[in-house]
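S.K.: One file: query30.pdb (PDB, C-alpha atoms and all ligand atoms).
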ATOM      1  CA  MET A   1       4.023  -8.672  38.827  1.00  0.00           C
ATOM      2  CA  GLY A   2       2.425  -5.943  36.860  1.00  0.00           C
ATOM      3  CA  ARG A   3       0.169  -8.459  35.230  1.00  0.00           C
ATOM      4  CA  ARG A   4      -3.116  -6.920  36.224  1.00  0.00           C
ATOM      5  CA  LYS A   5      -1.966  -3.522  35.124  1.00  0.00           C
ATOM      6  CA  GLN A   6      -1.004  -4.890  31.755  1.00  0.00           C
ATOM      7  CA  ARG A   7      -4.390  -6.511  31.302  1.00  0.00           C
ATOM      8  CA  ARG A   8      -6.236  -3.365  32.240  1.00  0.00           C
ATOM      9  CA  SER A   9      -4.263  -1.246  29.820  1.00  0.00           C
ATOM     10  CA  ARG A  10      -4.878  -3.790  27.114  1.00  0.00           C
ATOM     11  CA  GLN A  11      -8.602  -3.491  27.668  1.00  0.00           C
ATOM     12  CA  GLN A  12      -8.370   0.253  27.479  1.00  0.00           C
ATOM     13  CA  ARG A  13      -6.337   0.024  24.326  1.00  0.00           C
ATOM     14  CA  GLU A  14      -8.880  -2.302  22.782  1.00  0.00           C
ATOM     15  CA  GLN A  15     -11.678   0.047  23.687  1.00  0.00           C
ATOM     16  CA  LYS A  16      -9.892   2.932  22.077  1.00  0.00           C
ATOM     17  CA  ALA A  17      -9.183   0.840  19.020  1.00  0.00           C
ATOM     18  CA  GLN A  18     -12.842  -0.102  18.744  1.00  0.00           C
ATOM     19  CA  HIS A  19     -13.817   3.509  19.100  1.00  0.00           C
ATOM     20  CA  ALA A  20     -11.377   4.427  16.335  1.00  0.00           C
ATOM     21  CA  GLN A  21     -12.762   1.625  14.199  1.00  0.00           C
ATOM     22  CA  SER A  22     -16.341   2.814  14.526  1.00  0.00           C
ATOM     23  CA  HIS A  23     -15.272   6.351  13.718  1.00  0.00           C
ATOM     24  CA  LEU A  24     -13.396   5.223  10.600  1.00  0.00           C
ATOM     25  CA  THR A  25     -16.294   2.990   9.674  1.00  0.00           C
ATOM     26  CA  SER A  26     -18.693   5.917   9.768  1.00  0.00           C
ATOM     27  CA  ILE A  27     -16.397   7.842   7.431  1.00  0.00           C
ATOM     28  CA  LEU A  28     -16.239   4.962   4.994  1.00  0.00           C
ATOM     29  CA  MET A  29     -19.991   4.422   5.119  1.00  0.00           C
ATOM     30  CA  ASN A  30     -20.701   8.100   4.413  1.00  0.00           C
ATOM     31  CA  PRO A  31     -17.962   8.974   1.930  1.00  0.00           C
ATOM     32  CA  LEU A  32     -19.870  11.913   0.483  1.00  0.00           C
ATOM     33  CA  ASN A  33     -19.763  13.747   3.794  1.00  0.00           C
ATOM     34  CA  HIS A  34     -15.977  13.809   3.814  1.00  0.00           C
ATOM     35  CA  PRO A  35     -13.175  14.965   1.540  1.00  0.00           C
ATOM     36  CA  ARG A  36     -11.974  12.192  -0.677  1.00  0.00           C
ATOM     37  CA  ASP A  37      -8.477  12.030   0.744  1.00  0.00           C
ATOM     38  CA  VAL A  38      -9.944  11.664   4.222  1.00  0.00           C
ATOM     39  CA  VAL A  39     -12.000   8.696   3.056  1.00  0.00           C
ATOM     40  CA  GLU A  40      -8.976   7.069   1.462  1.00  0.00           C
ATOM     41  CA  SER A  41      -6.765   7.540   4.471  1.00  0.00           C
ATOM     42  CA  ALA A  42      -9.591   6.249   6.660  1.00  0.00           C
ATOM     43  CA  ALA A  43      -9.418   2.947   4.797  1.00  0.00           C
ATOM     44  CA  VAL A  44      -5.669   2.636   5.358  1.00  0.00           C
ATOM     45  CA  HIS A  45      -6.005   3.743   8.944  1.00  0.00           C
ATOM     46  CA  LEU A  46      -8.730   1.200   9.576  1.00  0.00           C
ATOM     47  CA  SER A  47      -6.468  -1.559   8.321  1.00  0.00           C
ATOM     48  CA  LYS A  48      -3.667  -0.449  10.608  1.00  0.00           C
ATOM     49  CA  VAL A  49      -5.896  -0.176  13.650  1.00  0.00           C
ATOM     50  CA  SER A  50      -7.462  -3.563  12.962  1.00  0.00           C
ATOM     51  CA  GLN A  51      -4.185  -5.334  12.350  1.00  0.00           C
ATOM     52  CA  ARG A  52      -2.378  -3.763  15.220  1.00  0.00           C
ATOM     53  CA  HIS A  53      -5.066  -4.569  17.740  1.00  0.00           C
ATOM     54  CA  ARG A  54      -6.056  -7.792  16.037  1.00  0.00           C
ATOM     55  CA  LEU A  55      -9.653  -6.790  15.639  1.00  0.00           C
ATOM     56  CA  SER A  56     -11.800  -7.930  12.794  1.00  0.00           C
ATOM     57  CA  VAL A  57     -12.863  -5.339  10.289  1.00  0.00           C
ATOM     58  CA  PRO A  58     -16.564  -4.482  10.721  1.00  0.00           C
ATOM     59  CA  THR A  59     -18.630  -6.389   8.176  1.00  0.00           C
ATOM     60  CA  GLU A  60     -20.240  -3.285   6.735  1.00  0.00           C
ATOM     61  CA  VAL A  61     -16.907  -1.878   5.590  1.00  0.00           C
ATOM     62  CA  ARG A  62     -15.368  -5.121   4.385  1.00  0.00           C
ATOM     63  CA  SER A  63     -16.805  -4.617   0.953  1.00  0.00           C
ATOM     64  CA  ARG A  64     -15.739  -0.965   0.979  1.00  0.00           C
ATOM     65  CA  VAL A  65     -12.019  -1.536   1.090  1.00  0.00           C
ATOM     66  CA  CYS A  66      -9.517  -3.558  -0.911  1.00  0.00           C
ATOM     67  CA  ARG A  67      -8.219  -6.449   1.159  1.00  0.00           C
ATOM     68  CA  LYS A  68      -4.863  -6.272  -0.491  1.00  0.00           C
ATOM     69  CA  CYS A  69      -3.815  -2.643  -0.759  1.00  0.00           C
ATOM     70  CA  TRP A  70      -6.481  -1.247   1.581  1.00  0.00           C
ATOM     71  CA  GLY A  71      -7.515   1.330  -0.937  1.00  0.00           C
ATOM     72  CA  SER A  72     -10.955   2.741  -0.305  1.00  0.00           C
ATOM     73  CA  HIS A  73     -13.760   1.345  -2.424  1.00  0.00           C
ATOM     74  CA  SER A  74     -16.272   3.959  -1.429  1.00  0.00           C
ATOM     75  CA  PHE A  75     -16.393   5.492  -4.892  1.00  0.00           C
ATOM     76  CA  THR A  76     -17.236   3.631  -8.061  1.00  0.00           C
ATOM     77  CA  SER A  77     -14.160   5.075  -9.765  1.00  0.00           C
ATOM     78  CA  GLN A  78     -12.001   3.015  -7.434  1.00  0.00           C
ATOM     79  CA  PHE A  79     -13.165  -0.442  -8.382  1.00  0.00           C
ATOM     80  CA  ARG A  80     -14.858  -2.299 -11.184  1.00  0.00           C
ATOM     81  CA  VAL A  81     -17.779  -4.678 -10.770  1.00  0.00           C
ATOM     82  CA  ARG A  82     -18.415  -7.562 -13.129  1.00  0.00           C
ATOM     83  CA  ILE A  83     -20.704 -10.541 -12.913  1.00  0.00           C
ATOM     84  CA  LYS A  84     -19.075 -13.766 -13.996  1.00  0.00           C
ATOM     85  CA  ALA A  85     -20.402 -17.294 -13.531  1.00  0.00           C
ATOM     86  CA  GLY A  86     -22.907 -16.111 -10.956  1.00  0.00           C
ATOM     87  CA  GLN A  87     -20.273 -14.369  -8.885  1.00  0.00           C
ATOM     88  CA  ARG A  88     -19.808 -10.684  -8.369  1.00  0.00           C
ATOM     89  CA  LEU A  89     -16.218  -9.706  -9.042  1.00  0.00           C
ATOM     90  CA  HIS A  90     -14.811  -6.536  -7.597  1.00  0.00           C
ATOM     91  CA  THR A  91     -11.568  -5.529  -9.239  1.00  0.00           C
ATOM     92  CA  CYS A  92      -9.476  -3.022  -7.345  1.00  0.00           C
ATOM     93  CA  LEU A  93      -8.270  -0.319  -9.687  1.00  0.00           C
ATOM     94  CA  HIS A  94      -5.342   0.492  -7.420  1.00  0.00           C
ATOM     95  CA  CYS A  95      -3.650  -2.899  -7.333  1.00  0.00           C
ATOM     96  CA  GLY A  96      -5.734  -5.110  -9.613  1.00  0.00           C
ATOM     97  CA  TYR A  97      -6.778  -7.473  -6.861  1.00  0.00           C
ATOM     98  CA  ILE A  98      -9.974  -9.348  -7.690  1.00  0.00           C
ATOM     99  CA  ARG A  99     -12.416 -10.132  -4.940  1.00  0.00           C
ATOM    100  CA  ARG A 100     -15.271 -12.564  -5.473  1.00  0.00           C
ATOM    101  CA  TYR A 101     -18.659 -12.331  -3.856  1.00  0.00           C
ATOM    102  CA  GLY A 102     -21.167 -15.130  -4.025  1.00  0.00           C
ATOM    103  CA  ALA A 103     -20.715 -18.849  -4.322  1.00  0.00           C
ATOM    104  CA  GLY A 104     -21.225 -19.440  -8.009  1.00  0.00           C
ATOM    105  CA  PRO A 105     -23.790 -20.107 -10.707  1.00  0.00           C
ATOM    106  CA  LYS A 106     -26.234 -21.984  -8.482  1.00  0.00           C
ATOM    107  CA  ALA A 107     -25.895 -19.938  -5.324  1.00  0.00           C
ATOM    108  CA  HIS A 108     -28.819 -17.633  -6.073  1.00  0.00           C
ATOM    109  CA  ARG A 109     -31.204 -20.556  -6.498  1.00  0.00           C
ATOM    110  CA  VAL A 110     -31.279 -21.381  -2.817  1.00  0.00           C
ATOM    111  CA  ALA A 111     -32.628 -19.089  -0.134  1.00  0.00           C
ATOM    112  CA  ARG A 112     -30.082 -16.528   0.876  1.00  0.00           C
ATOM    113  CA  ILE A 113     -29.036 -16.771   4.447  1.00  0.00           C
ATOM    114  CA  ASN A 114     -26.781 -13.760   4.698  1.00  0.00           C
ATOM    115  CA  GLY A 115     -29.139 -11.284   3.085  1.00  0.00           C
ATOM    116  CA  ARG A 116     -27.017  -9.657   0.405  1.00  0.00           C
ATOM    117  CA  GLY A 117     -24.325 -12.251   0.674  1.00  0.00           C
ATOM    118  CA  GLU A 118     -21.590  -9.931   1.747  1.00  0.00           C
TER     119      GLU A 118
HETATM  120 ZN    ZN B   1      -6.260  -2.919  -4.072  1.00  0.00          ZN
END
Rewrite the coordinates I just gave you, this time as structure tokens.
M.R.:
Amino acid sequence: MGRRKQRRSRQQREQKAQHAQSHLTSILMNPLNHPRDVVESAAVHLSKVSQRHRLSVPTEVRSRVCRKCWGSHSFTSQFRVRIKAGQRLHTCLHCGYIRRYGAGPKAHRVARINGRGE
């Protein structure tokens, strides 16, 4: 009873969510084309859309947002990058969360599979 209807509306909802995601992604990927507060709210909005609809965050924006406070990392003033023990560390300047990229001191010796390793 009402099951099919529910499924259909869920699909529609997911489609809308994906559309919203791609829109927010384009904002985050082109931060200079938008006012700064729009870019920052796009990051928060993206997190809400993704969590609510249980979608994964597009890979290209994963490195552009803080995974903890969902602050935008589209501008260099919003995070700090350091190389330590062969890893790239991104420190969020909003909440201090440190994100590590790369597998360690020996990771760059083997052929890279994921391109830039993000
Ligand atoms: Zn943060």
S.K.: I need the output of the PyMOL selection byres (((not hetatm)) within 8 of (chain B and resi 1)) for this file as a ChimeraX atom specification; which residues are they?
M.R.: /A:65-71,91-97
S.K.: Have a look at A:Ala107, A:Met29, A:Val44, A:Leu89 and name the one nearest to Phe75 in chain A; count all atoms listed in the file.
M.R.: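 When distances to Phe75 in chain A are compared using all atoms listed in the file, the smallest one comes from A:Met29.
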S.K.: Check which residues satisfy the PyMOL selection byres (((chain A and resi 105) around 6) and not hetatm) in the file shown, then give them as a list in words.
M.R.: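 Going through the file, the PyMOL selection byres (((chain A and resi 105) around 6) and not hetatm) ends up selecting Ala85, Gly86, Gly104, Lys106 and Ala107 of chain A.
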S.K.: Report, in Å with one decimal, the straight-line distance from CA of Leu55 in chain A to CA of Val81 in chain A.
M.R.: 27.7 Å
S.K.: For Glu14 in chain A, find every residue with an atom within 12 Å (counting all atoms listed in the file), except residues of its own chain fewer than 2 positions away, and show them as a PyMOL selection string.
M.R.: chain A and resi 7-12+16-21+49-56
S.K.: Which residue is closest to His73 in chain A? Choose from A:Val38, A:Leu46, A:Val61, A:Leu24 and count only C-alpha atoms.
M.R.: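 The closest residue to His73 in chain A is A:Val61.
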S.K.: Record the distance separating CA of His45 in chain A and CA of Val57 in chain A, expressed in Å with one decimal.
M.R.: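 Distance between the two atoms: 11.5 Å.
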S.K.: Using all atoms listed in the file, determine which residues lie at most 10 Å from Ser74 in chain A, disregarding the query and same-chain residues fewer than 6 positions distant; provide the list as a PyMOL selection string.
M.R.: chain A and resi 27-32+36+39-40+43+61+63-65
S.K.: Keeping only C-alpha atoms, write the selected residues as a tab-separated table (two decimals), in the frame of the given file.
M.R.:
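Produced file selection.tsv, reproduced below:
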chain	number	residue	atom	x	y	z
A	27	ILE	CA	-16.40	7.84	7.43
A	28	LEU	CA	-16.24	4.96	4.99
A	29	MET	CA	-19.99	4.42	5.12
A	30	ASN	CA	-20.70	8.10	4.41
A	31	PRO	CA	-17.96	8.97	1.93
A	32	LEU	CA	-19.87	11.91	0.48
A	36	ARG	CA	-11.97	12.19	-0.68
A	39	VAL	CA	-12.00	8.70	3.06
A	40	GLU	CA	-8.98	7.07	1.46
A	43	ALA	CA	-9.42	2.95	4.80
A	61	VAL	CA	-16.91	-1.88	5.59
A	63	SER	CA	-16.80	-4.62	0.95
A	64	ARG	CA	-15.74	-0.96	0.98
A	65	VAL	CA	-12.02	-1.54	1.09
S.K.: Using all atoms of range 80-97 of chain A that appear in the file, construct an axis-aligned enclosing box with 8 Å of padding on every side and provide its centre coordinates and edge lengths in Å, rounded to one decimal, as JSON.
M.R.:
{"center_x": -13.3, "center_y": -8.4, "center_z": -10.4, "size_x": 35.3, "size_y": 33.8, "size_z": 23.1}
S.K.: Please compute the CA of Ser26 in chain A-CA of Pro58 in chain A distance, one decimal, in Å.
M.R.: 10.7 Å
S.K.: Counting all atoms listed in the file, note down every residue that has an atom within 10 Å of the point (-11.6, -15.3, -8.0) (file coordinates), as a PyMOL selection string.
M.R.: chain A and resi 84+87-91+97-101
